[in-house]
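Participant: Input: one structure, supplied below.
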Amino acid sequence: MVRRIDVTGAGGVRLAVWEFGDPPKGDPAENTPGVLLLHGLMGRASHWASTARWLSERHRAVALDQRGHGQSEKPPPASSTREAYVEDAEAALEHLGLAPALLIGHAMGALTAWQLAAKRPDLVRGVIICDMRASALGAASQREWGDWFKAWPVPFATLADVRKWFGEDDPWVERPNPSRGEFYAEVMHESPDGWRPVFDPEQMLESRETWVYDAHWEELAQVRCPALVVRGLDGELGRAEAQEMVRVLPRGEYAEVADAGHLVHYDQPEAWRTAIEPFVDAVLISG
């Protein structure tokens, strides 16, 4: 079962929330707290389908298409502020009655998760931070992303071309990575001239610009609930920074996934589950 729920976010933006499994039987009030899954920049809720399905065996787990992504509304780039992303997640929790919830975020979605936990501790029971750095990435990183978007050979003639370019031919790929190709194939849609991303690359850069120049250690230190920092051994979050994030978090824990890059939950879904399930159980069942 896949079910869509429409939610109104900050500024009246229409957001799509997805359930990928039947919620547990019984009184909905007894099934809270729930789980809200937040994808990263350029991602979409369906990237969490595997995780959401096993979580749905015992909890109500939903994934949000964040503004400008997936099937949520594409507002003007100027409205893609950090505050708006956080308020959207806040609105989803309150609309669906999930709070106090476990937030699971990947990359930018992880930043949204810990910023919301710092802002509204009453809504958040725990946070899982997947491969997101707390340090500032800086202007050079933003320029690299701008150049990368320009290098995309859009439109792609077929989805097979999408998979091949992002999984093999992209200069950012160090070795063939089929799961990365599949990840990007999921964020393409067919247009009259071929396959193009469902998002506006310029809006993605605008969204990224709202957080890459700043460090986020102070907000991290304000997260009072249990928090798990997860990194792929070949991901973008280095071990030293990840362990410093755990130290800064008042109730931080650490896990890593072997043979995984930045797309930890997508690269290695079973190892990802093994890494996070004890924490999930501690927060949602034991806690």
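Ordering of the structure tokens sets the chain letters (A, B, ...), residue numbers begin anew at 1 in every chain, and ligands are numbered from 1 in the order given.
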Please provide as a ChimeraX atom specification all residues within 10 Å of A:Arg120, with the sequence filter that same-chain residues fewer than 5 positions apart are discarded (counting only C-alpha atoms).
Facilitator: /A:86,90,100,114-115,223
Participant: Could the residues in this selection be saved with N, CA, C and O atoms as a PDB file, in the first residue's frame?
Facilitator:
```pdb
ATOM      1  N   VAL A  86      11.968  23.643   8.031  1.00  0.00           N
ATOM      2  CA  VAL A  86      11.712  23.195   9.403  1.00  0.00           C
ATOM      3  C   VAL A  86      10.227  23.319   9.734  1.00  0.00           C
ATOM      4  O   VAL A  86       9.616  22.417  10.316  1.00  0.00           O
ATOM      5  N   GLU A  90       7.432  20.499  10.856  1.00  0.00           N
ATOM      6  CA  GLU A  90       6.623  20.768  12.046  1.00  0.00           C
ATOM      7  C   GLU A  90       5.127  20.627  11.717  1.00  0.00           C
ATOM      8  O   GLU A  90       4.367  19.983  12.458  1.00  0.00           O
ATOM      9  N   PRO A 100       4.940  12.998  20.076  1.00  0.00           N
ATOM     10  CA  PRO A 100       6.374  13.217  19.846  1.00  0.00           C
ATOM     11  C   PRO A 100       6.936  12.107  18.970  1.00  0.00           C
ATOM     12  O   PRO A 100       6.747  10.930  19.259  1.00  0.00           O
ATOM     13  N   TRP A 114      17.381  17.939  13.009  1.00  0.00           N
ATOM     14  CA  TRP A 114      17.953  18.405  14.277  1.00  0.00           C
ATOM     15  C   TRP A 114      17.605  19.865  14.551  1.00  0.00           C
ATOM     16  O   TRP A 114      17.489  20.280  15.716  1.00  0.00           O
ATOM     17  N   GLN A 115      17.361  20.655  13.501  1.00  0.00           N
ATOM     18  CA  GLN A 115      16.902  22.022  13.742  1.00  0.00           C
ATOM     19  C   GLN A 115      15.499  22.032  14.344  1.00  0.00           C
ATOM     20  O   GLN A 115      15.204  22.842  15.229  1.00  0.00           O
ATOM     21  N   VAL A 223      19.904  19.905  20.883  1.00  0.00           N
ATOM     22  CA  VAL A 223      19.054  18.723  20.713  1.00  0.00           C
ATOM     23  C   VAL A 223      19.125  17.895  21.993  1.00  0.00           C
ATOM     24  O   VAL A 223      20.137  17.240  22.259  1.00  0.00           O
TER      25      VAL A 223
END
```
Participant: Report as a Markdown table the residues of stretch 100-164 of chain A within 10 Å of stretch 246-269 of chain A, each with its shortest atom pair and distance in Å (one decimal), using only C-alpha atoms, ordered by chain and increasing residue number.
Facilitator:
```
| residue | atom | partner | partner_atom | distance |
| --- | --- | --- | --- | --- |
| A:His106 | CA | A:Leu263 | CA | 8.1 |
| A:Ala107 | CA | A:His262 | CA | 8.3 |
| A:Gly126 | CA | A:Arg251 | CA | 9.7 |
| A:Val127 | CA | A:Gly252 | CA | 9.5 |
| A:Ile128 | CA | A:Glu253 | CA | 9.4 |
| A:Ile129 | CA | A:Tyr254 | CA | 9.6 |
| A:Cys130 | CA | A:Val264 | CA | 7.5 |
| A:Asp131 | CA | A:His262 | CA | 6.2 |
| A:Met132 | CA | A:His262 | CA | 8.9 |
```
Participant: For the residues in that selection, give me C-alpha atoms as a PDB file, in the first residue's frame.
Facilitator:
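The file below, result-v5.pdb, is the result:
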```
ATOM      1  CA  HIS A 106      19.366  12.029   5.351  1.00  0.00           C
ATOM      2  CA  ALA A 107      21.781  14.863   4.486  1.00  0.00           C
ATOM      3  CA  GLY A 126      14.572  11.129  18.953  1.00  0.00           C
ATOM      4  CA  VAL A 127      16.644  11.972  15.892  1.00  0.00           C
ATOM      5  CA  ILE A 128      18.668   9.875  13.452  1.00  0.00           C
ATOM      6  CA  ILE A 129      21.209  11.955  11.519  1.00  0.00           C
ATOM      7  CA  CYS A 130      22.383  10.203   8.356  1.00  0.00           C
ATOM      8  CA  ASP A 131      25.552  11.492   6.650  1.00  0.00           C
ATOM      9  CA  MET A 132      25.143  15.221   7.303  1.00  0.00           C
TER      10      MET A 132
END
```
Participant: So that I can check the secondary structure, give me every residue of stretch 25-88 of chain A assigned helix (DSSP H, G or I) by backbone DSSP, as a PyMOL selection string.
Facilitator: chain A and resi 28-31+45-55+77-79+82-88
Participant: Between A:Val198, A:Ala160, A:Val35, A:Met204, which is the closest to A:Trp54 once you count only C-alpha atoms?
Facilitator: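 Between A:Val198, A:Ala160, A:Val35, A:Met204, the residue approaching A:Trp54 most closely is A:Val35.
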Participant: Atom CA of A:Ala110 and atom CA of A:His216 are how many Å apart?
Facilitator: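 Computing it gives 11.5 Å between the two atoms.
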Participant: Just want the 12 Å neighbourhood of A:Arg208, counted on only C-alpha atoms, with same-chain residues fewer than 6 positions away dropped. Output as a ChimeraX atom specification.
Facilitator: /A:40-42,77-78,80-82,85,107-109,111,136-139,141-143,145-146,201-202,214
Participant: Would you mind writing down, as a JSON list (two decimals) with N, CA, C and O atoms, in the first residue's frame, each residue of stretch 124-208 of chain A that DSSP on the backbone assigns to strand (DSSP E)?
Facilitator:
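The resulting part_27.json:
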```
[["chain", "number", "residue", "atom", "x", "y", "z"],
["A", 124, "VAL", "N", 9.54, 16.14, 19.30],
["A", 124, "VAL", "CA", 10.55, 15.18, 18.83],
["A", 124, "VAL", "C", 11.03, 14.30, 19.98],
["A", 124, "VAL", "O", 11.50, 14.79, 21.00],
["A", 125, "ARG", "N", 10.93, 13.00, 19.78],
["A", 125, "ARG", "CA", 11.36, 12.03, 20.79],
["A", 125, "ARG", "C", 12.79, 11.55, 20.55],
["A", 125, "ARG", "O", 13.49, 11.15, 21.47],
["A", 126, "GLY", "N", 13.22, 11.56, 19.30],
["A", 126, "GLY", "CA", 14.57, 11.13, 18.95],
["A", 126, "GLY", "C", 14.89, 11.55, 17.53],
["A", 126, "GLY", "O", 14.00, 11.87, 16.75],
["A", 127, "VAL", "N", 16.19, 11.55, 17.21],
["A", 127, "VAL", "CA", 16.64, 11.97, 15.89],
["A", 127, "VAL", "C", 17.71, 11.01, 15.39],
["A", 127, "VAL", "O", 18.62, 10.64, 16.13],
["A", 128, "ILE", "N", 17.60, 10.62, 14.12],
["A", 128, "ILE", "CA", 18.67, 9.88, 13.45],
["A", 128, "ILE", "C", 19.21, 10.77, 12.35],
["A", 128, "ILE", "O", 18.48, 11.21, 11.46],
["A", 129, "ILE", "N", 20.51, 11.04, 12.43],
["A", 129, "ILE", "CA", 21.21, 11.96, 11.52],
["A", 129, "ILE", "C", 22.06, 11.12, 10.58],
["A", 129, "ILE", "O", 23.06, 10.52, 11.00],
["A", 130, "CYS", "N", 21.68, 11.05, 9.32],
["A", 130, "CYS", "CA", 22.38, 10.20, 8.36],
["A", 130, "CYS", "C", 23.24, 11.03, 7.41],
["A", 130, "CYS", "O", 22.72, 11.80, 6.59],
["A", 188, "MET", "N", 13.55, 11.55, -11.78],
["A", 188, "MET", "CA", 13.36, 12.03, -13.15],
["A", 188, "MET", "C", 11.91, 11.80, -13.58],
["A", 188, "MET", "O", 11.23, 10.90, -13.11],
["A", 189, "HIS", "N", 11.44, 12.64, -14.48],
["A", 189, "HIS", "CA", 10.13, 12.43, -15.09],
["A", 189, "HIS", "C", 10.25, 12.68, -16.58],
["A", 189, "HIS", "O", 11.14, 13.39, -17.06],
["A", 190, "GLU", "N", 9.36, 12.07, -17.32],
["A", 190, "GLU", "CA", 9.43, 12.15, -18.77],
["A", 190, "GLU", "C", 8.78, 13.44, -19.26],
["A", 190, "GLU", "O", 7.66, 13.78, -18.89],
["A", 191, "SER", "N", 9.49, 14.19, -20.07],
["A", 191, "SER", "CA", 9.00, 15.40, -20.69],
["A", 191, "SER", "C", 9.02, 15.21, -22.21],
["A", 191, "SER", "O", 9.54, 14.20, -22.69],
["A", 194, "GLY", "N", 12.50, 14.31, -23.49],
["A", 194, "GLY", "CA", 13.31, 13.31, -22.80],
["A", 194, "GLY", "C", 13.07, 13.35, -21.30],
["A", 194, "GLY", "O", 12.05, 13.87, -20.84],
["A", 195, "TRP", "N", 14.02, 12.82, -20.53],
["A", 195, "TRP", "CA", 13.87, 12.71, -19.08],
["A", 195, "TRP", "C", 14.62, 13.84, -18.37],
["A", 195, "TRP", "O", 15.80, 14.07, -18.62],
["A", 196, "ARG", "N", 13.90, 14.53, -17.51],
["A", 196, "ARG", "CA", 14.45, 15.66, -16.77],
["A", 196, "ARG", "C", 14.13, 15.51, -15.28],
["A", 196, "ARG", "O", 13.19, 14.80, -14.92],
["A", 197, "PRO", "N", 14.89, 16.19, -14.41],
["A", 197, "PRO", "CA", 14.60, 16.07, -12.97],
["A", 197, "PRO", "C", 13.25, 16.67, -12.62],
["A", 197, "PRO", "O", 12.79, 17.63, -13.25]]
```
Participant: Contacts of A:Val13 at 8 Å or less, counting only C-alpha atoms, minus same-chain residues fewer than 6 places along, as a ChimeraX atom specification?
Facilitator: /A:67,73,75
Participant: Can you work out the spacing between atom CA of A:Val280 and atom CA of A:Leu55 in Å, to one decimal?
Facilitator: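 Rounded to one decimal, the two atoms are 8.9 Å apart.
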Participant: Pick the closest to A:Trp217 from A:Arg4, A:Arg133, A:Lys25, A:Arg180: which is it, counting only C-alpha atoms?
Facilitator: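 Under the stated criterion, the closest residue is A:Arg133.
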Participant: Near A:Asp122, counting only C-alpha atoms, which residues have an atom at most 10 Å away, once you skip same-chain residues fewer than 6 positions from it, shown as an MDAnalysis selection string?
Facilitator: chainID A and resid 99:101 116 225
Participant: Using all heavy atoms, can you write the selected residues to a file as a compact mmCIF listing (two decimals), in the first residue's frame?
Facilitator:
```txt
# COMPACT_ATOMS: atom_id res chain seq x y z
N ALA A 99 3.41 13.41 16.79
CA ALA A 99 4.31 13.82 17.86
C ALA A 99 3.93 13.20 19.20
O ALA A 99 2.76 12.92 19.44
CB ALA A 99 4.31 15.34 17.97
N PRO A 100 4.94 13.00 20.08
CA PRO A 100 6.37 13.22 19.85
C PRO A 100 6.94 12.11 18.97
O PRO A 100 6.75 10.93 19.26
CB PRO A 100 6.99 13.20 21.24
CG PRO A 100 6.05 12.31 22.03
CD PRO A 100 4.67 12.54 21.46
N ALA A 101 7.60 12.48 17.90
CA ALA A 101 8.02 11.53 16.87
C ALA A 101 9.52 11.31 16.86
O ALA A 101 10.30 12.11 17.38
CB ALA A 101 7.59 12.05 15.49
N LEU A 116 14.64 21.13 13.88
CA LEU A 116 13.30 21.04 14.46
C LEU A 116 13.36 20.53 15.89
O LEU A 116 12.64 21.03 16.77
CB LEU A 116 12.41 20.14 13.61
CG LEU A 116 10.98 19.92 14.14
CD1 LEU A 116 10.26 21.25 14.37
CD2 LEU A 116 10.19 19.04 13.18
N CYS A 225 17.00 15.41 22.99
CA CYS A 225 16.50 14.04 22.91
C CYS A 225 17.62 13.10 22.47
O CYS A 225 18.69 13.55 22.02
CB CYS A 225 15.33 13.96 21.93
SG CYS A 225 15.78 14.43 20.24
```
Participant: For A:Tyr184, which of A:Ala151, A:Leu237, A:Leu159, A:Leu102 is the closest residue, counting only C-alpha atoms?
Facilitator: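 Of A:Ala151, A:Leu237, A:Leu159, A:Leu102, the one nearest A:Tyr184 is A:Leu159, counting only C-alpha atoms.
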Participant: Record the distance separating atom CA of A:Ser46 and atom CA of A:Asp6, expressed in Å with one decimal.
Facilitator: 15.4 Å
Participant: Which is closest to A:Glu83 among A:Ser286, A:Thr210, A:Leu233, A:Glu144, if we use only C-alpha atoms?
Facilitator: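 Residue with the minimum atom-to-atom distance to A:Glu83: A:Thr210.
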Participant: Of the residues A:Ala282, A:Val62, A:Leu38, A:Glu57, which is the one nearest to A:Phe20, using only C-alpha atoms?
Facilitator: A:Val62
Participant: Set the distance at 7 Å and use only C-alpha atoms: which residues neighbour A:Gly9 once local chain neighbours fewer than 3 positions away are removed? I'd like the list as a ChimeraX atom specification.
Facilitator: /A:12-15,87-88,91
Participant: Give the answer as one residue: which of A:Phe149, A:Phe279, A:Trp48, A:Trp272 has the shortest atom-to-atom distance to A:Phe199, using only C-alpha atoms?
Facilitator: A:Phe149
Participant: Could you pull the residues within 10 Å of A:Pro178, counting only C-alpha atoms, minus those fewer than 6 positions along the same chain, as an MDAnalysis selection string?
Facilitator: chainID A and resid 163:164 166:168 267
